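Structure file final_25.pdb with PDB, C-alpha atoms and all ligand atoms:
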```pdb
ATOM      1  CA  MET A   1       0.795  13.893  -4.610  1.00  0.00           C
ATOM      2  CA  VAL A   2      -1.093  15.166  -1.581  1.00  0.00           C
ATOM      3  CA  PHE A   3       0.018  15.205   2.051  1.00  0.00           C
ATOM      4  CA  ALA A   4      -1.687  12.421   4.020  1.00  0.00           C
ATOM      5  CA  ALA A   5       0.018  12.102   7.429  1.00  0.00           C
ATOM      6  CA  LYS A   6       3.244  12.245   9.361  1.00  0.00           C
ATOM      7  CA  LEU A   7       5.263   9.065   8.935  1.00  0.00           C
ATOM      8  CA  SER A   8       5.755   8.837  12.694  1.00  0.00           C
ATOM      9  CA  LYS A   9       1.967   8.643  13.193  1.00  0.00           C
ATOM     10  CA  VAL A  10       1.662   5.311  11.386  1.00  0.00           C
ATOM     11  CA  PRO A  11       2.956   2.460  13.551  1.00  0.00           C
ATOM     12  CA  ASP A  12       4.890  -0.357  11.925  1.00  0.00           C
ATOM     13  CA  TRP A  13       2.565  -3.347  11.392  1.00  0.00           C
ATOM     14  CA  GLY A  14      -0.258  -0.912  11.967  1.00  0.00           C
ATOM     15  CA  LYS A  15      -2.724   1.372  10.223  1.00  0.00           C
ATOM     16  CA  LYS A  16      -4.006   4.886  10.294  1.00  0.00           C
ATOM     17  CA  LEU A  17      -7.207   6.126   8.722  1.00  0.00           C
ATOM     18  CA  VAL A  18      -6.830   9.629   7.303  1.00  0.00           C
ATOM     19  CA  GLU A  19      -8.803  11.941   5.091  1.00  0.00           C
ATOM     20  CA  VAL A  20      -7.172  13.160   1.913  1.00  0.00           C
ATOM     21  CA  GLU A  21      -9.037  15.684  -0.209  1.00  0.00           C
ATOM     22  CA  GLY A  22     -12.239  14.737   1.608  1.00  0.00           C
ATOM     23  CA  GLN A  23     -11.746  11.047   0.917  1.00  0.00           C
ATOM     24  CA  PRO A  24     -10.984   8.369   3.525  1.00  0.00           C
ATOM     25  CA  VAL A  25      -7.642   6.693   2.890  1.00  0.00           C
ATOM     26  CA  LEU A  26      -6.136   3.896   4.935  1.00  0.00           C
ATOM     27  CA  LEU A  27      -2.385   4.048   5.464  1.00  0.00           C
ATOM     28  CA  VAL A  28      -0.677   0.781   6.347  1.00  0.00           C
ATOM     29  CA  LYS A  29       2.932   0.172   7.294  1.00  0.00           C
ATOM     30  CA  THR A  30       4.719  -3.177   7.216  1.00  0.00           C
ATOM     31  CA  LYS A  31       8.479  -3.633   7.621  1.00  0.00           C
ATOM     32  CA  GLY A  32       8.849   0.134   7.461  1.00  0.00           C
ATOM     33  CA  VAL A  33       7.131   0.443   4.052  1.00  0.00           C
ATOM     34  CA  VAL A  34       3.992   2.567   3.815  1.00  0.00           C
ATOM     35  CA  TYR A  35       1.043   1.668   1.607  1.00  0.00           C
ATOM     36  CA  ALA A  36      -2.267   3.426   0.972  1.00  0.00           C
ATOM     37  CA  CYS A  37      -5.607   1.925   0.055  1.00  0.00           C
ATOM     38  CA  GLU A  38      -9.317   2.593   0.084  1.00  0.00           C
ATOM     39  CA  ARG A  39     -11.217   2.232   3.338  1.00  0.00           C
ATOM     40  CA  GLU A  40     -13.970  -0.156   2.237  1.00  0.00           C
ATOM     41  CA  CYS A  41     -13.395  -3.767   1.398  1.00  0.00           C
ATOM     42  CA  PRO A  42     -14.362  -4.417  -2.255  1.00  0.00           C
ATOM     43  CA  HIS A  43     -16.133  -7.626  -1.199  1.00  0.00           C
ATOM     44  CA  GLN A  44     -18.923  -6.397   1.078  1.00  0.00           C
ATOM     45  CA  GLY A  45     -17.690  -3.038   2.256  1.00  0.00           C
ATOM     46  CA  ALA A  46     -16.226  -3.902   5.655  1.00  0.00           C
ATOM     47  CA  PRO A  47     -14.176  -1.055   7.127  1.00  0.00           C
ATOM     48  CA  MET A  48     -10.555  -1.926   6.447  1.00  0.00           C
ATOM     49  CA  GLU A  49      -9.287   0.084   9.397  1.00  0.00           C
ATOM     50  CA  GLY A  50     -10.283  -3.013  11.387  1.00  0.00           C
ATOM     51  CA  ALA A  51      -8.161  -5.232   9.141  1.00  0.00           C
ATOM     52  CA  LEU A  52      -5.384  -7.499  10.302  1.00  0.00           C
ATOM     53  CA  VAL A  53      -1.834  -6.716   9.257  1.00  0.00           C
ATOM     54  CA  LYS A  54       0.166  -9.890   9.669  1.00  0.00           C
ATOM     55  CA  GLU A  55       2.090 -10.233   6.401  1.00  0.00           C
ATOM     56  CA  ALA A  56       4.437  -7.744   4.781  1.00  0.00           C
ATOM     57  CA  GLY A  57       2.664  -5.852   2.009  1.00  0.00           C
ATOM     58  CA  ARG A  58      -0.728  -7.448   2.637  1.00  0.00           C
ATOM     59  CA  ILE A  59      -3.894  -6.741   4.563  1.00  0.00           C
ATOM     60  CA  SER A  60      -6.654  -9.123   5.642  1.00  0.00           C
ATOM     61  CA  CYS A  61     -10.254  -7.953   5.731  1.00  0.00           C
ATOM     62  CA  PRO A  62     -11.757  -8.232   9.229  1.00  0.00           C
ATOM     63  CA  ARG A  63     -15.081  -9.640   7.987  1.00  0.00           C
ATOM     64  CA  HIS A  64     -14.298 -12.666   5.794  1.00  0.00           C
ATOM     65  CA  GLY A  65     -10.516 -12.662   5.834  1.00  0.00           C
ATOM     66  CA  PHE A  66      -9.876 -11.944   2.144  1.00  0.00           C
ATOM     67  CA  ARG A  67      -6.230 -10.941   1.794  1.00  0.00           C
ATOM     68  CA  PHE A  68      -5.225  -8.106  -0.501  1.00  0.00           C
ATOM     69  CA  ASP A  69      -1.850  -7.119  -1.898  1.00  0.00           C
ATOM     70  CA  LEU A  70      -1.237  -3.527  -0.837  1.00  0.00           C
ATOM     71  CA  VAL A  71       0.599  -2.629  -4.064  1.00  0.00           C
ATOM     72  CA  THR A  72      -1.639  -4.187  -6.714  1.00  0.00           C
ATOM     73  CA  GLY A  73      -4.829  -4.548  -4.642  1.00  0.00           C
ATOM     74  CA  ALA A  74      -5.142  -8.108  -5.914  1.00  0.00           C
ATOM     75  CA  CYS A  75      -6.883 -10.766  -3.858  1.00  0.00           C
ATOM     76  CA  GLN A  76      -5.185 -14.102  -4.453  1.00  0.00           C
ATOM     77  CA  GLU A  77      -8.046 -16.282  -3.230  1.00  0.00           C
ATOM     78  CA  HIS A  78     -10.813 -14.262  -4.916  1.00  0.00           C
ATOM     79  CA  PRO A  79      -9.360 -12.509  -7.986  1.00  0.00           C
ATOM     80  CA  GLU A  80     -12.738 -11.005  -8.849  1.00  0.00           C
ATOM     81  CA  PHE A  81     -12.238  -8.523  -5.995  1.00  0.00           C
ATOM     82  CA  THR A  82      -9.556  -5.837  -6.126  1.00  0.00           C
ATOM     83  CA  LEU A  83      -8.795  -3.365  -3.370  1.00  0.00           C
ATOM     84  CA  ARG A  84      -8.122   0.120  -4.664  1.00  0.00           C
ATOM     85  CA  THR A  85      -4.570   1.148  -3.792  1.00  0.00           C
ATOM     86  CA  TYR A  86      -2.792   4.475  -4.200  1.00  0.00           C
ATOM     87  CA  PRO A  87       0.831   5.379  -4.960  1.00  0.00           C
ATOM     88  CA  VAL A  88       2.725   6.550  -1.869  1.00  0.00           C
ATOM     89  CA  GLU A  89       5.769   8.730  -1.512  1.00  0.00           C
ATOM     90  CA  VAL A  90       7.604   9.375   1.760  1.00  0.00           C
ATOM     91  CA  ARG A  91       9.484  12.657   2.034  1.00  0.00           C
ATOM     92  CA  GLY A  92      11.300  12.935   5.332  1.00  0.00           C
ATOM     93  CA  ASP A  93       8.639  12.479   8.008  1.00  0.00           C
ATOM     94  CA  GLU A  94       5.729  13.113   5.644  1.00  0.00           C
ATOM     95  CA  ILE A  95       3.591  10.683   3.672  1.00  0.00           C
ATOM     96  CA  TYR A  96       2.090  11.776   0.367  1.00  0.00           C
ATOM     97  CA  VAL A  97      -0.449   9.837  -1.674  1.00  0.00           C
ATOM     98  CA  ASP A  98      -1.716  10.125  -5.206  1.00  0.00           C
ATOM     99  CA  LEU A  99      -5.487   9.687  -5.430  1.00  0.00           C
ATOM    100  CA  ALA A 100      -5.672  10.318  -9.184  1.00  0.00           C
TER
HETATM  101  S1  LIG B 201     -16.264  -7.786   3.414  1.00  0.00           S
HETATM  102 FE1  LIG B 201     -14.098  -7.977   3.219  1.00  0.00          FE
HETATM  103  S2  LIG B 201     -13.796 -10.046   2.769  1.00  0.00           S
HETATM  104 FE2  LIG B 201     -15.942  -9.839   2.888  1.00  0.00          FE
END
```

Rewrite the structure of this file - the entire thing - as structure tokens.
Amino acid sequence: MVFAAKLSKVPDWGKKLVEVEGQPVLLVKTKGVVYACERECPHQGAPMEGALVKEAGRISCPRHGFRFDLVTGACQEHPEFTLRTYPVEVRGDEIYVDLA
């Protein structure tokens, strides 16, 4: 687990793009739960920091609207595309992610 950001820096129903071990990681928070995923959409590489966060535990790509589960990375409408997600641990006011 590697430190990614302060919990207070990620707004609820919002996102924060951070760099962890030289790699861009998108942190997303819905209903107080933090998730981490890759920055590029697996469909055509749109930057997910522009994504919409309207449903708990899901993110919608800004380009074509594919929705991804932030735990499994699965896309219900297009199962051939999977967003890479990372395990998250919150310790106090700090968010840690596992990129392995
Ligand atoms: S680039 Fe994300 S849905 Fe097409």

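Using all atoms listed in the file as the basis for the distance check, residues found within 8 Å of ligand LIG 201 (chain B) are Glu40, Cys41, Pro42, His43, Gln44, Gly45, Ala46, Pro47, Met48, Ser60, Cys61, Pro62, Arg63, His64, Gly65, Phe66 and Arg67 of chain A.
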
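With atom CA of A:Leu52 on one side and atom CA of A:Gly14 on the other, the separation reads 8.5 Å.
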
Taking the file as shown, find all residues satisfying the PyMOL selection byres (((chain A and resi 68) around 9) and not hetatm) and write them as a PyMOL selection string.
chain A and resi 57-61+66-67+69-76+81-83

Please expand the PyMOL selection byres (((chain A and resi 87) around 12) and not hetatm) into the concrete residues it hits in this file, giving the result as an MDAnalysis selection string.
chainID A and resid 1:2 4 25 27 34:38 70:73 84:86 88:90 95:100

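As for atom CA of A:Glu80 and atom CA of A:Glu55, they are spaced 21.3 Å apart.
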
On this structure, the PyMOL selection byres (((chain A and resi 5) around 9) and not hetatm) would catch which residues? List them as a PyMOL selection string, sorted by chain and number.
chain A and resi 3-4+6-10+16+18+27+93-96

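Of note, atom CA of A:Lys29 and atom CA of A:Trp13 are spaced 5.4 Å apart.
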
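Take the candidates A:Glu21, A:Val33, A:Arg91, A:Leu26 and check each one against A:Ala51 using all atoms listed in the file; the shortest distance goes to A:Leu26.
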
Completion of stretch 7-19 of chain A up to N, CA, C and O atoms, as a short mmCIF file (atom, residue, chain, number, x, y, z; two decimals), in the frame of the given file:
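Just written: rebuild-v1.cif:
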```
data_model
loop_
_atom_site.label_atom_id
_atom_site.label_comp_id
_atom_site.auth_asym_id
_atom_site.auth_seq_id
_atom_site.Cartn_x
_atom_site.Cartn_y
_atom_site.Cartn_z
N LEU A 7 4.80 10.44 8.93
CA LEU A 7 5.26 9.06 8.94
C LEU A 7 5.27 8.48 10.34
O LEU A 7 4.91 7.33 10.57
N SER A 8 5.66 9.31 11.31
CA SER A 8 5.76 8.84 12.69
C SER A 8 4.40 8.52 13.31
O SER A 8 4.31 7.91 14.38
N LYS A 9 3.31 8.91 12.66
CA LYS A 9 1.97 8.64 13.19
C LYS A 9 1.41 7.30 12.74
O LYS A 9 0.31 6.90 13.16
N VAL A 10 2.13 6.62 11.84
CA VAL A 10 1.66 5.31 11.39
C VAL A 10 2.59 4.25 11.98
O VAL A 10 3.76 4.17 11.61
N PRO A 11 2.09 3.45 12.92
CA PRO A 11 2.96 2.46 13.55
C PRO A 11 3.32 1.33 12.60
O PRO A 11 2.52 0.99 11.71
N ASP A 12 4.52 0.77 12.77
CA ASP A 12 4.89 -0.36 11.92
C ASP A 12 3.98 -1.53 12.27
O ASP A 12 3.63 -1.75 13.43
N TRP A 13 3.56 -2.27 11.27
CA TRP A 13 2.56 -3.35 11.39
C TRP A 13 1.24 -2.77 11.93
O TRP A 13 0.52 -3.42 12.67
N GLY A 14 0.98 -1.53 11.53
CA GLY A 14 -0.26 -0.91 11.97
C GLY A 14 -0.88 -0.11 10.85
O GLY A 14 -0.42 -0.12 9.70
N LYS A 15 -1.95 0.62 11.21
CA LYS A 15 -2.72 1.37 10.22
C LYS A 15 -3.10 2.73 10.77
O LYS A 15 -3.13 2.93 11.99
N LYS A 16 -3.45 3.61 9.87
CA LYS A 16 -4.01 4.89 10.29
C LYS A 16 -4.99 5.33 9.21
O LYS A 16 -4.65 5.39 8.03
N LEU A 17 -6.20 5.63 9.66
CA LEU A 17 -7.21 6.13 8.72
C LEU A 17 -7.10 7.64 8.66
O LEU A 17 -7.15 8.32 9.69
N VAL A 18 -6.94 8.18 7.47
CA VAL A 18 -6.83 9.63 7.30
C VAL A 18 -7.82 10.09 6.24
O VAL A 18 -8.44 9.27 5.54
N GLU A 19 -7.95 11.38 6.14
CA GLU A 19 -8.80 11.94 5.09
C GLU A 19 -7.92 12.76 4.17
O GLU A 19 -7.15 13.62 4.63
#
```
